[in-house]
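J.: Just so it is clear, I am handing over start.pdb, which has PDB, C-alpha atoms.
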```pdb
ATOM      1  CA  MET Y   1     -14.492  -9.909  32.779
ATOM      2  CA  ILE Y   2     -12.782 -10.544  29.423
ATOM      3  CA  SER Y   3     -12.103  -7.324  27.487
ATOM      4  CA  GLN Y   4     -13.370  -6.785  23.946
ATOM      5  CA  ALA Y   5      -9.820  -6.843  22.589
ATOM      6  CA  LYS Y   6      -9.050 -10.176  24.256
ATOM      7  CA  SER Y   7     -12.273 -11.813  23.136
ATOM      8  CA  VAL Y   8     -11.840 -10.720  19.530
ATOM      9  CA  ALA Y   9      -8.181 -11.706  19.643
ATOM     10  CA  ALA Y  10      -9.338 -15.218  20.461
ATOM     11  CA  MET Y  11     -11.497 -15.083  17.343
ATOM     12  CA  ILE Y  12      -8.444 -14.111  15.281
ATOM     13  CA  LEU Y  13      -6.551 -17.124  16.595
ATOM     14  CA  ALA Y  14      -9.396 -19.364  15.454
ATOM     15  CA  LEU Y  15      -9.441 -17.688  12.032
ATOM     16  CA  GLY Y  16      -5.801 -18.477  11.380
ATOM     17  CA  VAL Y  17      -3.533 -15.615  12.452
ATOM     18  CA  GLY Y  18      -2.821 -15.868  16.155
ATOM     19  CA  SER Y  19      -0.531 -14.264  18.655
ATOM     20  CA  ALA Y  20       1.016 -17.281  20.368
ATOM     21  CA  SER Y  21       4.648 -16.767  21.317
ATOM     22  CA  VAL Y  22       6.074 -20.116  20.191
ATOM     23  CA  TRP Y  23       5.585 -21.738  16.797
ATOM     24  CA  ALA Y  24       7.214 -24.662  15.063
ATOM     25  CA  GLN Y  25       9.690 -23.211  12.595
ATOM     26  CA  GLU Y  26       8.249 -25.033   9.586
ATOM     27  CA  LYS Y  27       4.575 -24.453  10.410
ATOM     28  CA  PRO Y  28       2.244 -21.439  10.313
ATOM     29  CA  SER Y  29       0.904 -19.811  13.463
ATOM     30  CA  PHE Y  30      -2.181 -22.063  13.534
ATOM     31  CA  ASP Y  31      -2.791 -25.813  13.778
ATOM     32  CA  CYS Y  32      -2.745 -27.300  10.277
ATOM     33  CA  ALA Y  33      -4.545 -30.396  11.572
ATOM     34  CA  LYS Y  34      -7.599 -28.163  11.928
ATOM     35  CA  ALA Y  35      -7.214 -26.437   8.561
ATOM     36  CA  GLU Y  36     -10.511 -26.687   6.708
ATOM     37  CA  SER Y  37     -10.625 -23.732   4.316
ATOM     38  CA  VAL Y  38      -8.840 -23.656   0.960
ATOM     39  CA  VAL Y  39      -6.857 -20.649   2.206
ATOM     40  CA  ASP Y  40      -5.614 -22.384   5.363
ATOM     41  CA  ARG Y  41      -4.711 -25.504   3.387
ATOM     42  CA  ALA Y  42      -2.722 -23.410   0.900
ATOM     43  CA  ILE Y  43      -0.793 -21.799   3.748
ATOM     44  CA  CYS Y  44      -0.092 -25.183   5.334
ATOM     45  CA  GLY Y  45       1.097 -26.548   2.004
ATOM     46  CA  SER Y  46       3.691 -23.869   1.383
ATOM     47  CA  ALA Y  47       6.821 -23.334   3.481
ATOM     48  CA  GLU Y  48       7.036 -19.752   2.200
ATOM     49  CA  LEU Y  49       3.456 -18.948   3.173
ATOM     50  CA  ALA Y  50       3.819 -20.681   6.523
ATOM     51  CA  LYS Y  51       6.820 -18.474   7.253
ATOM     52  CA  ALA Y  52       4.879 -15.390   6.188
ATOM     53  CA  ASP Y  53       2.026 -16.375   8.487
ATOM     54  CA  ARG Y  54       4.429 -16.712  11.428
ATOM     55  CA  GLU Y  55       5.987 -13.331  10.649
ATOM     56  CA  LEU Y  56       2.592 -11.685  10.420
ATOM     57  CA  ALA Y  57       1.447 -13.232  13.684
ATOM     58  CA  ALA Y  58       4.621 -12.015  15.397
ATOM     59  CA  ALA Y  59       4.231  -8.482  13.999
ATOM     60  CA  TYR Y  60       0.584  -8.399  15.049
ATOM     61  CA  ALA Y  61       1.345  -9.675  18.560
ATOM     62  CA  ALA Y  62       4.197  -7.171  19.009
ATOM     63  CA  LEU Y  63       1.979  -4.269  17.997
ATOM     64  CA  LEU Y  64      -0.966  -5.486  20.074
ATOM     65  CA  ASP Y  65       1.260  -5.587  23.159
ATOM     66  CA  LYS Y  66       2.165  -1.903  22.673
ATOM     67  CA  LEU Y  67      -1.439  -0.706  22.530
ATOM     68  CA  SER Y  68      -4.238  -0.303  25.020
ATOM     69  CA  GLY Y  69      -7.807   0.924  25.153
ATOM     70  CA  ALA Y  70      -9.495   2.109  21.954
ATOM     71  CA  ALA Y  71      -6.304   1.769  19.893
ATOM     72  CA  LYS Y  72      -5.989  -1.901  20.832
ATOM     73  CA  ASP Y  73      -9.635  -2.559  20.054
ATOM     74  CA  GLU Y  74      -9.265  -0.857  16.672
ATOM     75  CA  LEU Y  75      -6.255  -3.003  15.741
ATOM     76  CA  VAL Y  76      -8.109  -6.191  16.666
ATOM     77  CA  LYS Y  77     -11.111  -5.194  14.547
ATOM     78  CA  ASP Y  78      -8.862  -4.326  11.620
ATOM     79  CA  GLN Y  79      -7.082  -7.685  11.844
ATOM     80  CA  VAL Y  80     -10.411  -9.513  11.739
ATOM     81  CA  ARG Y  81     -11.346  -7.390   8.722
ATOM     82  CA  TRP Y  82      -8.018  -8.153   7.028
ATOM     83  CA  ILE Y  83      -8.444 -11.914   7.511
ATOM     84  CA  ALA Y  84     -11.946 -11.794   6.035
ATOM     85  CA  ASN Y  85     -10.706  -9.781   3.035
ATOM     86  CA  ARG Y  86      -7.759 -12.147   2.586
ATOM     87  CA  ASN Y  87      -9.998 -15.210   2.561
ATOM     88  CA  ARG Y  88     -12.530 -13.668   0.198
ATOM     89  CA  ALA Y  89      -9.980 -12.431  -2.301
ATOM     90  CA  CYS Y  90      -7.635 -15.397  -2.390
ATOM     91  CA  ARG Y  91     -10.171 -18.212  -2.560
ATOM     92  CA  ALA Y  92     -11.845 -16.620  -5.606
ATOM     93  CA  ASP Y  93      -9.262 -18.080  -8.009
ATOM     94  CA  PRO Y  94      -7.775 -21.409  -6.832
ATOM     95  CA  ASP Y  95      -5.175 -21.295  -9.641
ATOM     96  CA  SER Y  96      -3.562 -18.137  -8.246
ATOM     97  CA  ILE Y  97      -4.247 -18.567  -4.546
ATOM     98  CA  GLU Y  98      -0.561 -18.744  -3.535
ATOM     99  CA  ASP Y  99       0.366 -15.559  -5.406
ATOM    100  CA  CYS Y 100      -2.657 -13.825  -3.905
ATOM    101  CA  LEU Y 101      -1.675 -14.851  -0.392
ATOM    102  CA  LYS Y 102       1.967 -13.851  -0.856
ATOM    103  CA  LYS Y 103       0.931 -10.332  -1.894
ATOM    104  CA  ARG Y 104      -1.576  -9.995   0.940
ATOM    105  CA  TYR Y 105       0.863 -11.191   3.576
ATOM    106  CA  ALA Y 106       3.730  -9.016   2.326
ATOM    107  CA  GLY Y 107       1.580  -5.896   2.431
ATOM    108  CA  ARG Y 108       0.067  -6.636   5.828
ATOM    109  CA  ILE Y 109       3.422  -7.422   7.444
ATOM    110  CA  THR Y 110       4.826  -4.146   6.102
ATOM    111  CA  ASN Y 111       1.871  -2.223   7.487
ATOM    112  CA  LEU Y 112       1.834  -3.845  10.922
ATOM    113  CA  ARG Y 113       5.528  -3.092  11.369
ATOM    114  CA  ALA Y 114       5.017   0.497  10.205
ATOM    115  CA  TYR Y 115       2.111   0.974  12.621
ATOM    116  CA  GLY Y 116       4.480   0.210  15.495
ATOM    117  CA  GLN Y 117       6.795   3.118  14.627
ATOM    118  CA  GLY Y 118       5.767   6.172  16.614
ATOM    119  CA  THR Y 119       2.169   6.939  17.519
ATOM    120  CA  TYR Y 120      -0.240   4.253  16.303
ATOM    121  CA  PRO Y 121      -1.973   5.773  13.240
ATOM    122  CA  ALA Y 122      -5.069   3.517  13.459
ATOM    123  CA  ILE Y 123      -5.353   2.890   9.729
ATOM    124  CA  SER Y 124      -7.943   0.311   8.729
ATOM    125  CA  GLU Y 125      -8.140  -1.595   5.460
ATOM    126  CA  GLN Y 126     -11.290  -0.970   3.418
ATOM    127  CA  THR Y 127     -12.180  -3.154   0.442
ATOM    128  CA  LEU Y 128     -14.355  -2.918  -2.645
ATOM    129  CA  ALA Y 129     -14.531  -6.125  -4.689
ATOM    130  CA  ARG Y 130     -16.778  -7.421  -7.431
ATOM    131  CA  GLN Y 131     -16.643  -9.678 -10.474
ATOM    132  CA  GLY Y 132     -18.881 -10.521 -13.396
ATOM    133  CA  LYS Y 133     -19.174 -11.188 -17.099
ATOM    134  CA  LEU Y 134     -20.425  -9.051 -19.987
ATOM    135  CA  GLY Y 135     -20.379 -10.619 -23.407
ATOM    136  CA  LYS Y 136     -16.888 -11.992 -23.907
ATOM    137  CA  ILE Y 137     -15.404  -9.978 -21.052
ATOM    138  CA  THR Y 138     -14.839 -11.611 -17.687
ATOM    139  CA  TRP Y 139     -14.058  -8.770 -15.323
ATOM    140  CA  SER Y 140     -13.156  -8.186 -11.701
ATOM    141  CA  TYR Y 141     -11.870  -5.540  -9.368
ATOM    142  CA  ASP Y 142     -10.343  -5.940  -5.927
ATOM    143  CA  ILE Y 143      -9.555  -2.568  -4.385
ATOM    144  CA  THR Y 144      -8.199  -1.953  -0.905
ATOM    145  CA  TYR Y 145      -7.689   1.549   0.432
ATOM    146  CA  PRO Y 146      -6.887   3.108   3.817
ATOM    147  CA  ARG Y 147      -9.177   4.763   6.316
ATOM    148  CA  PHE Y 148      -7.802   6.681   9.306
ATOM    149  CA  GLU Y 149      -9.717   5.840  12.484
ATOM    150  CA  VAL Y 150      -8.049   8.234  14.967
ATOM    151  CA  ALA Y 151     -10.789   9.724  17.137
ATOM    152  CA  ASN Y 152      -9.229  13.015  18.240
ATOM    153  CA  VAL Y 153      -8.027  14.228  14.796
ATOM    154  CA  ASP Y 154     -10.301  15.141  11.887
ATOM    155  CA  PHE Y 155      -9.421  12.893   8.940
ATOM    156  CA  THR Y 156     -12.758  13.473   7.181
ATOM    157  CA  ALA Y 157     -11.350  15.088   4.050
ATOM    158  CA  THR Y 158      -8.428  12.658   3.784
ATOM    159  CA  ASN Y 159     -10.667   9.613   4.212
ATOM    160  CA  ALA Y 160     -13.091  10.974   1.623
ATOM    161  CA  ARG Y 161     -10.214  11.443  -0.792
ATOM    162  CA  PHE Y 162      -9.220   7.763  -0.636
ATOM    163  CA  ALA Y 163     -12.818   6.490  -0.584
ATOM    164  CA  ASP Y 164     -13.945   8.660  -3.512
ATOM    165  CA  ALA Y 165     -10.976   7.580  -5.618
ATOM    166  CA  ALA Y 166     -11.798   3.922  -4.935
ATOM    167  CA  LYS Y 167     -15.479   4.414  -5.771
ATOM    168  CA  LYS Y 168     -14.565   6.131  -9.046
ATOM    169  CA  LEU Y 169     -12.440   3.129  -9.993
ATOM    170  CA  THR Y 170     -15.334   0.726  -9.435
ATOM    171  CA  ASP Y 171     -17.380   2.706 -11.944
ATOM    172  CA  GLU Y 172     -14.554   2.734 -14.473
ATOM    173  CA  TRP Y 173     -13.786  -0.978 -14.253
ATOM    174  CA  VAL Y 174     -17.255  -2.385 -14.857
ATOM    175  CA  PRO Y 175     -17.615  -2.918 -18.639
ATOM    176  CA  LYS Y 176     -20.408  -1.089 -20.398
ATOM    177  CA  ALA Y 177     -22.491  -2.181 -23.364
ATOM    178  CA  GLY Y 178     -20.380  -1.682 -26.462
ATOM    179  CA  ASP Y 179     -17.099  -2.444 -24.723
ATOM    180  CA  GLY Y 180     -17.166  -6.061 -25.829
ATOM    181  CA  PRO Y 181     -14.185  -7.323 -27.870
ATOM    182  CA  ASP Y 182     -14.465  -9.971 -30.579
ATOM    183  CA  ARG Y 183     -12.677 -12.569 -28.439
ATOM    184  CA  GLU Y 184     -12.658 -13.745 -24.853
ATOM    185  CA  GLN Y 185     -10.796 -11.407 -22.522
ATOM    186  CA  GLN Y 186     -10.255 -11.171 -18.774
ATOM    187  CA  TRP Y 187     -10.161  -7.639 -17.433
ATOM    188  CA  PHE Y 188      -8.998  -6.973 -13.898
ATOM    189  CA  TYR Y 189      -7.986  -4.184 -11.551
ATOM    190  CA  GLU Y 190      -6.148  -5.025  -8.308
ATOM    191  CA  GLN Y 191      -5.148  -2.317  -5.861
ATOM    192  CA  SER Y 192      -3.407  -2.493  -2.492
ATOM    193  CA  PHE Y 193      -1.684  -0.061  -0.175
ATOM    194  CA  THR Y 194       1.283  -0.055   2.174
ATOM    195  CA  VAL Y 195       2.209   2.412   4.891
ATOM    196  CA  ASP Y 196       5.590   3.983   5.653
ATOM    197  CA  ARG Y 197       6.483   6.112   8.671
ATOM    198  CA  PRO Y 198       8.982   8.841   7.758
ATOM    199  CA  PRO Y 199      11.278  10.292  10.416
ATOM    200  CA  GLY Y 200       9.696  12.395  13.121
ATOM    201  CA  GLY Y 201       6.644  10.246  13.766
ATOM    202  CA  HIS Y 202       4.285  13.013  12.607
ATOM    203  CA  ALA Y 203       3.225  11.482   9.310
ATOM    204  CA  ALA Y 204       2.182   8.389   7.398
ATOM    205  CA  SER Y 205       3.110   7.914   3.767
ATOM    206  CA  ILE Y 206       0.527   5.814   1.908
ATOM    207  CA  SER Y 207       1.749   3.969  -1.194
ATOM    208  CA  VAL Y 208      -1.123   2.829  -3.379
ATOM    209  CA  SER Y 209      -0.101   0.308  -6.047
ATOM    210  CA  PHE Y 210      -2.215  -1.320  -8.724
ATOM    211  CA  ASP Y 211      -2.025  -3.842 -11.545
ATOM    212  CA  SER Y 212      -4.599  -3.851 -14.301
ATOM    213  CA  TYR Y 213      -5.548  -5.168 -17.711
ATOM    214  CA  ARG Y 214      -8.301  -3.901 -19.948
ATOM    215  CA  GLY Y 215      -7.500  -5.244 -23.366
ATOM    216  CA  GLY Y 216      -4.541  -4.259 -25.501
ATOM    217  CA  ALA Y 217      -1.045  -5.660 -25.819
ATOM    218  CA  HIS Y 218      -0.232  -5.614 -22.109
ATOM    219  CA  GLY Y 219      -1.444  -4.603 -18.701
ATOM    220  CA  TYR Y 220      -0.435  -1.570 -16.704
ATOM    221  CA  GLY Y 221       0.591  -0.980 -13.125
ATOM    222  CA  ALA Y 222       1.717   2.027 -11.128
ATOM    223  CA  THR Y 223       2.451   3.322  -7.640
ATOM    224  CA  ARG Y 224       1.239   6.641  -6.260
ATOM    225  CA  CYS Y 225       1.941   8.028  -2.804
ATOM    226  CA  THR Y 226       0.162  10.362  -0.403
ATOM    227  CA  LEU Y 227       1.716  11.992   2.657
ATOM    228  CA  VAL Y 228      -0.704  12.465   5.558
ATOM    229  CA  ASP Y 229       0.100  14.716   8.529
ATOM    230  CA  LEU Y 230      -1.131  12.785  11.567
ATOM    231  CA  ARG Y 231      -1.245  15.962  13.663
ATOM    232  CA  THR Y 232      -3.816  17.654  11.444
ATOM    233  CA  GLY Y 233      -5.408  14.780   9.537
ATOM    234  CA  LYS Y 234      -4.641  16.594   6.269
ATOM    235  CA  VAL Y 235      -2.806  15.554   3.122
ATOM    236  CA  ALA Y 236       0.585  17.267   2.946
ATOM    237  CA  GLY Y 237       1.939  17.857  -0.556
ATOM    238  CA  PRO Y 238       5.545  18.884  -1.271
ATOM    239  CA  PRO Y 239       4.882  22.554  -0.313
ATOM    240  CA  GLY Y 240       3.774  21.324   3.111
ATOM    241  CA  ALA Y 241       6.944  19.285   3.639
ATOM    242  CA  PHE Y 242       9.495  21.629   2.079
ATOM    243  CA  THR Y 243      10.406  25.210   2.930
ATOM    244  CA  ALA Y 244       8.376  28.045   1.426
ATOM    245  CA  GLY Y 245       9.327  29.381  -1.981
ATOM    246  CA  GLU Y 246      10.694  27.610  -5.038
ATOM    247  CA  GLN Y 247      14.150  26.677  -3.772
ATOM    248  CA  TRP Y 248      13.013  23.136  -2.899
ATOM    249  CA  LEU Y 249      11.810  22.545  -6.446
ATOM    250  CA  ARG Y 250      15.090  23.745  -7.937
ATOM    251  CA  VAL Y 251      17.066  21.496  -5.582
ATOM    252  CA  MET Y 252      14.846  18.485  -6.291
ATOM    253  CA  THR Y 253      15.062  19.059 -10.041
ATOM    254  CA  GLN Y 254      18.867  19.072  -9.878
ATOM    255  CA  LEU Y 255      19.110  15.982  -7.648
ATOM    256  CA  VAL Y 256      16.554  13.919  -9.543
ATOM    257  CA  GLY Y 257      17.777  14.997 -12.981
ATOM    258  CA  ALA Y 258      21.354  13.940 -12.194
ATOM    259  CA  ASP Y 259      20.209  10.545 -10.901
ATOM    260  CA  LEU Y 260      17.929   9.857 -13.866
ATOM    261  CA  LYS Y 261      20.709  10.784 -16.285
ATOM    262  CA  LYS Y 262      22.861   8.038 -14.758
ATOM    263  CA  GLN Y 263      19.999   5.524 -14.940
ATOM    264  CA  PHE Y 264      19.408   6.336 -18.611
ATOM    265  CA  VAL Y 265      22.872   4.949 -19.448
ATOM    266  CA  ASP Y 266      21.695   1.374 -18.832
ATOM    267  CA  ARG Y 267      17.973   1.976 -19.387
ATOM    268  CA  PRO Y 268      17.520   4.712 -21.967
ATOM    269  CA  GLY Y 269      14.595   7.001 -21.233
ATOM    270  CA  PHE Y 270      13.090  10.034 -22.896
ATOM    271  CA  ASP Y 271      15.811  12.682 -23.264
ATOM    272  CA  ASP Y 272      13.299  15.517 -23.080
ATOM    273  CA  ALA Y 273      12.191  14.268 -19.640
ATOM    274  CA  LEU Y 274      15.467  15.639 -18.279
ATOM    275  CA  GLU Y 275      14.725  19.189 -19.443
ATOM    276  CA  PRO Y 276      14.547  21.264 -16.224
ATOM    277  CA  VAL Y 277      11.161  22.836 -16.950
ATOM    278  CA  LYS Y 278       9.515  19.520 -17.814
ATOM    279  CA  LEU Y 279      11.142  17.674 -14.903
ATOM    280  CA  ALA Y 280      10.170  20.443 -12.472
ATOM    281  CA  LYS Y 281       6.563  20.130 -13.610
ATOM    282  CA  MET Y 282       6.594  16.397 -12.883
ATOM    283  CA  LEU Y 283       8.244  16.979  -9.515
ATOM    284  CA  SER Y 284       5.425  19.351  -8.563
ATOM    285  CA  GLU Y 285       3.091  16.340  -8.528
ATOM    286  CA  ALA Y 286       2.619  15.200  -4.931
ATOM    287  CA  ASN Y 287       1.932  11.539  -5.695
ATOM    288  CA  ARG Y 288       5.535  10.947  -6.808
ATOM    289  CA  TYR Y 289       6.854  11.460  -3.266
ATOM    290  CA  CYS Y 290       7.029   8.269  -1.190
ATOM    291  CA  TRP Y 291       8.480   9.127   2.221
ATOM    292  CA  THR Y 292       9.925   5.979   3.797
ATOM    293  CA  ASP Y 293      11.619   5.575   7.162
ATOM    294  CA  LYS Y 294      15.049   5.502   5.468
ATOM    295  CA  HIS Y 295      14.881   7.917   2.531
ATOM    296  CA  LEU Y 296      12.626   9.725   0.094
ATOM    297  CA  GLU Y 297      11.659   7.737  -2.995
ATOM    298  CA  ILE Y 298      10.671   9.645  -6.124
ATOM    299  CA  ILE Y 299       8.555   7.415  -8.351
ATOM    300  CA  PHE Y 300       8.283   7.641 -12.133
ATOM    301  CA  ASN Y 301       5.853   5.034 -13.433
ATOM    302  CA  SER Y 302       5.971   3.448 -16.882
ATOM    303  CA  TYR Y 303       5.742   6.016 -19.690
ATOM    304  CA  ASP Y 304       6.545   8.957 -17.363
ATOM    305  CA  VAL Y 305      10.202   9.341 -18.314
ATOM    306  CA  GLY Y 306      10.830   6.272 -20.456
ATOM    307  CA  PRO Y 307       9.180   3.684 -22.712
ATOM    308  CA  TYR Y 308       7.008   0.917 -21.311
ATOM    309  CA  ALA Y 309       9.755  -1.658 -21.918
ATOM    310  CA  ALA Y 310      12.093   0.245 -19.592
ATOM    311  CA  GLY Y 311       9.643  -0.073 -16.710
ATOM    312  CA  PRO Y 312       9.362   2.387 -13.822
ATOM    313  CA  TYR Y 313      12.230   4.517 -12.569
ATOM    314  CA  GLN Y 314      12.930   5.376  -8.931
ATOM    315  CA  VAL Y 315      15.236   7.959  -7.413
ATOM    316  CA  ASP Y 316      16.197   7.537  -3.734
ATOM    317  CA  ILE Y 317      17.364  10.616  -1.826
ATOM    318  CA  ALA Y 318      18.829  10.423   1.687
ATOM    319  CA  TYR Y 319      17.168  12.674   4.246
ATOM    320  CA  ASP Y 320      20.544  14.238   5.115
ATOM    321  CA  ARG Y 321      20.595  15.764   1.637
ATOM    322  CA  LEU Y 322      17.088  17.154   2.120
ATOM    323  CA  LYS Y 323      17.538  18.783   5.540
ATOM    324  CA  PRO Y 324      18.258  22.281   4.147
ATOM    325  CA  ILE Y 325      14.906  22.361   2.309
ATOM    326  CA  LEU Y 326      12.640  20.589   4.829
ATOM    327  CA  ARG Y 327      10.284  22.674   6.971
ATOM    328  CA  PRO Y 328      11.433  22.666  10.606
ATOM    329  CA  ASP Y 329       7.807  22.454  11.726
ATOM    330  CA  GLY Y 330       6.705  20.157   8.905
ATOM    331  CA  PRO Y 331       5.608  16.511   8.988
ATOM    332  CA  ILE Y 332       9.109  15.222   8.099
ATOM    333  CA  ALA Y 333      11.726  15.636  10.832
ATOM    334  CA  PRO Y 334      14.874  13.552  10.175
TER     335      PRO Y 334
END
```
Rewrite the structure from the file as structure tokens, please.
T.:
Amino acid sequence: MISQAKSVAAMILALGVGSASVWAQEKPSFDCAKAESVVDRAICGSAELAKADRELAAAYAALLDKLSGAAKDELVKDQVRWIANRNRACRADPDSIEDCLKKRYAGRITNLRAYGQGTYPAISEQTLARQGKLGKITWSYDITYPRFEVANVDFTATNARFADAAKKLTDEWVPKAGDGPDREQQWFYEQSFTVDRPPGGHAASISVSFDSYRGGAHGYGATRCTLVDLRTGKVAGPPGAFTAGEQWLRVMTQLVGADLKKQFVDRPGFDDALEPVKLAKMLSEANRYCWTDKHLEIIFNSYDVGPYAAGPYQVDIAYDRLKPILRPDGPIAP
């Protein structure tokens, strides 16, 4: 009898992202002769997208081979969900379909590879999307956010945190009466997430990035990160990753301040941002900490420590330098 995972995997192959082991180097993972949708035709018409499709199919197949039982079934269901979300989002605007697909593929490939590091975290992609018009405003939002599907760990509070934040955004990004400008404008909010697996295999670091425009001289984008302890299902802020007390904050303030000072030579920022008290306050904010498999990234979005024209700043810190202030029993174990 064919298992659920195998039967749904066959559906994925038909939808356009398969797990065959041999592909022509210049073609995607599916047969372009059978491409009927605008999305499939766009992939077949671009060497870059065809390559991305092959890479995604390979990453998916590699991960699928590592899993069994409920975990395997969950991955298959999430891949079907991702394909449906990809098709819906990218066919909405034919003029930007290639850019849409490039972003979707890049994020999904990153996530599939991260899911294969350590215990499978069973993170599914949830989506809220809508578009409309009010007066002279054409508006849309396309929001993806993570949901942890692990059965034997309670992720209720963590999942609610991501879902509630997404729902709040949908309320904020639908224009209200009185918002109308005196000229045609196109408002949008696009949010995606990627997953990193820091050393130790006990955690997942979720990077949520967005681009938006709601009138004004320019749009705005930012990245915010959340560290989730896979053993407890809870969000772990800096106090949960670093040793007790305030030593970690003093060390981080010194390391980050010195790095930013060097960056300000080529990209001048706000001098007062380097004041220890002000910098320490910013470094107390958990969403600046993006824990990757290679190092810790401290993110300062536009306006945080410099003018908009300077763009975001990022400080990378090797885990070897952090060992003295990391909790031995914490979620990060380099």
J.: To one decimal place in Å, what is the distance between CA of Asp179 in chain Y and CA of Pro312 in chain Y?
T.: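 Computing it gives 29.0 Å between the two atoms.
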J.: Carefully work through the PyMOL selection byres ((chain Y and resi 239-249) around 7) for this structure and note down the residues it includes, as a ChimeraX atom specification.
T.: /Y:236-238,250-253,280,325-327,330-332
J.: If the PyMOL selection byres ((chain Y and resi 59) around 12) were run on this exact file, what residues would it hold? Put them as an NGL selection string.
T.: :Y and (17-21 or 29 or 52-58 or 60-66 or 75 or 79 or 105-106 or 108-117)
J.: Determine the residue set returned by the PyMOL selection byres ((chain Y and resi 203) around 8) for the present structure, and present it as a VMD selection string.
T.: chain Y and resid 197 to 198 200 to 202 204 to 205 227 to 231 331 to 332
J.: Please compute the CA of Asp164 in chain Y-CA of Glu125 in chain Y distance, one decimal, in Å.
T.: 14.8 Å
J.: For CA of Gln314 in chain Y and CA of Phe270 in chain Y, determine how far apart the two atoms are, in Å to one decimal place.
T.: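 Separation of CA of Gln314 in chain Y and CA of Phe270 in chain Y: 14.7 Å.
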J.: Return the single residue from Y:Arg214, Y:Lys77, Y:Arg161, Y:Arg321 that is closest to Glu149 in chain Y, with distances computed using all atoms listed in the file.
T.: Y:Lys77
J.: With only C-alpha atoms as the atoms that count, which of Y:Glu190, Y:Val277, Y:Arg267, Y:Ser124 lies nearest to Val80 in chain Y?
T.: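 Under the stated criterion, the closest residue is Y:Ser124.
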J.: Which residues, written as a ChimeraX atom specification, have at least one atom at most 10 Å from Lys51 in chain Y, with all atoms listed in the file counted and residues fewer than 5 positions away on the same chain left out?
T.: /Y:24-29,43-44,46,56-57
J.: Just checking: using all atoms listed in the file, which residue out of Y:Pro199, Y:Gly69, Y:Pro276, Y:Gly215 ends up closest to Gln186 in chain Y?
T.: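 Result for the nearest residue to Gln186 in chain Y: Y:Gly215.
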J.: Which residue gives the smallest distance to Ala122 in chain Y among Y:Tyr220, Y:Trp82, Y:Trp139, Y:Phe148, with all atoms listed in the file counted?
T.: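 Comparing Y:Tyr220, Y:Trp82, Y:Trp139, Y:Phe148 against Ala122 in chain Y, the winner is Y:Phe148.
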J.: Go through Y:Leu101, Y:Leu274, Y:Ile143, Y:Ala42 and flag the residue nearest Lys262 in chain Y, using all atoms listed in the file for the distances.
T.: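 Among the listed residues, Y:Leu274 lies closest to Lys262 in chain Y.
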J.: Looking at Y:Cys90, Y:Ile123, Y:Leu260, Y:Ile97, which one is nearest to Asp142 in chain Y, with distances taken over all atoms listed in the file?
T.: Y:Cys90
J.: What lies within 9 Å of Ala310 in chain Y using all atoms listed in the file, ignoring chain neighbours under 6 positions off, as a PyMOL selection string?
T.: chain Y and resi 267-269+302-303
J.: Could you write out that same residue set with C-alpha atoms as a tab-separated table (two decimals), in the frame of the given file?
T.:
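Below is the file that was written, selection.tsv:
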```
chain	number	residue	atom	x	y	z
Y	267	ARG	CA	17.97	1.98	-19.39
Y	268	PRO	CA	17.52	4.71	-21.97
Y	269	GLY	CA	14.60	7.00	-21.23
Y	302	SER	CA	5.97	3.45	-16.88
Y	303	TYR	CA	5.74	6.02	-19.69
```
J.: Taking the structure in the block just given, could you write range 272-302 of chain Y with C-alpha atoms, as a PDB file, in the first residue's frame?
T.:
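Written file, decode03.pdb:
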```
ATOM      1  CA  ASP Y 272      25.561  59.068  19.918  1.00  0.00           C
ATOM      2  CA  ALA Y 273      24.610  55.489  18.961  1.00  0.00           C
ATOM      3  CA  LEU Y 274      28.065  54.437  20.154  1.00  0.00           C
ATOM      4  CA  GLU Y 275      27.501  55.773  23.676  1.00  0.00           C
ATOM      5  CA  PRO Y 276      27.701  52.687  25.943  1.00  0.00           C
ATOM      6  CA  VAL Y 277      24.395  53.287  27.725  1.00  0.00           C
ATOM      7  CA  LYS Y 278      22.457  53.829  24.500  1.00  0.00           C
ATOM      8  CA  LEU Y 279      24.147  50.919  22.708  1.00  0.00           C
ATOM      9  CA  ALA Y 280      23.551  48.611  25.680  1.00  0.00           C
ATOM     10  CA  LYS Y 281      19.860  49.486  25.579  1.00  0.00           C
ATOM     11  CA  MET Y 282      19.671  48.528  21.903  1.00  0.00           C
ATOM     12  CA  LEU Y 283      21.592  45.319  22.553  1.00  0.00           C
ATOM     13  CA  SER Y 284      19.026  44.336  25.185  1.00  0.00           C
ATOM     14  CA  GLU Y 285      16.489  43.957  22.369  1.00  0.00           C
ATOM     15  CA  ALA Y 286      16.190  40.272  21.480  1.00  0.00           C
ATOM     16  CA  ASN Y 287      15.187  40.755  17.844  1.00  0.00           C
ATOM     17  CA  ARG Y 288      18.651  42.063  16.915  1.00  0.00           C
ATOM     18  CA  TYR Y 289      20.250  38.655  17.530  1.00  0.00           C
ATOM     19  CA  CYS Y 290      20.338  36.396  14.463  1.00  0.00           C
ATOM     20  CA  TRP Y 291      22.083  33.150  15.404  1.00  0.00           C
ATOM     21  CA  THR Y 292      23.404  31.476  12.253  1.00  0.00           C
ATOM     22  CA  ASP Y 293      25.297  28.210  11.917  1.00  0.00           C
ATOM     23  CA  LYS Y 294      28.585  30.118  11.483  1.00  0.00           C
ATOM     24  CA  HIS Y 295      28.387  33.185  13.728  1.00  0.00           C
ATOM     25  CA  LEU Y 296      26.102  35.578  15.558  1.00  0.00           C
ATOM     26  CA  GLU Y 297      24.779  38.465  13.472  1.00  0.00           C
ATOM     27  CA  ILE Y 298      23.714  41.637  15.265  1.00  0.00           C
ATOM     28  CA  ILE Y 299      21.291  43.574  13.078  1.00  0.00           C
ATOM     29  CA  PHE Y 300      20.771  47.337  13.103  1.00  0.00           C
ATOM     30  CA  ASN Y 301      18.073  48.305  10.618  1.00  0.00           C
ATOM     31  CA  SER Y 302      17.832  51.647   8.829  1.00  0.00           C
TER      32      SER Y 302
END
```
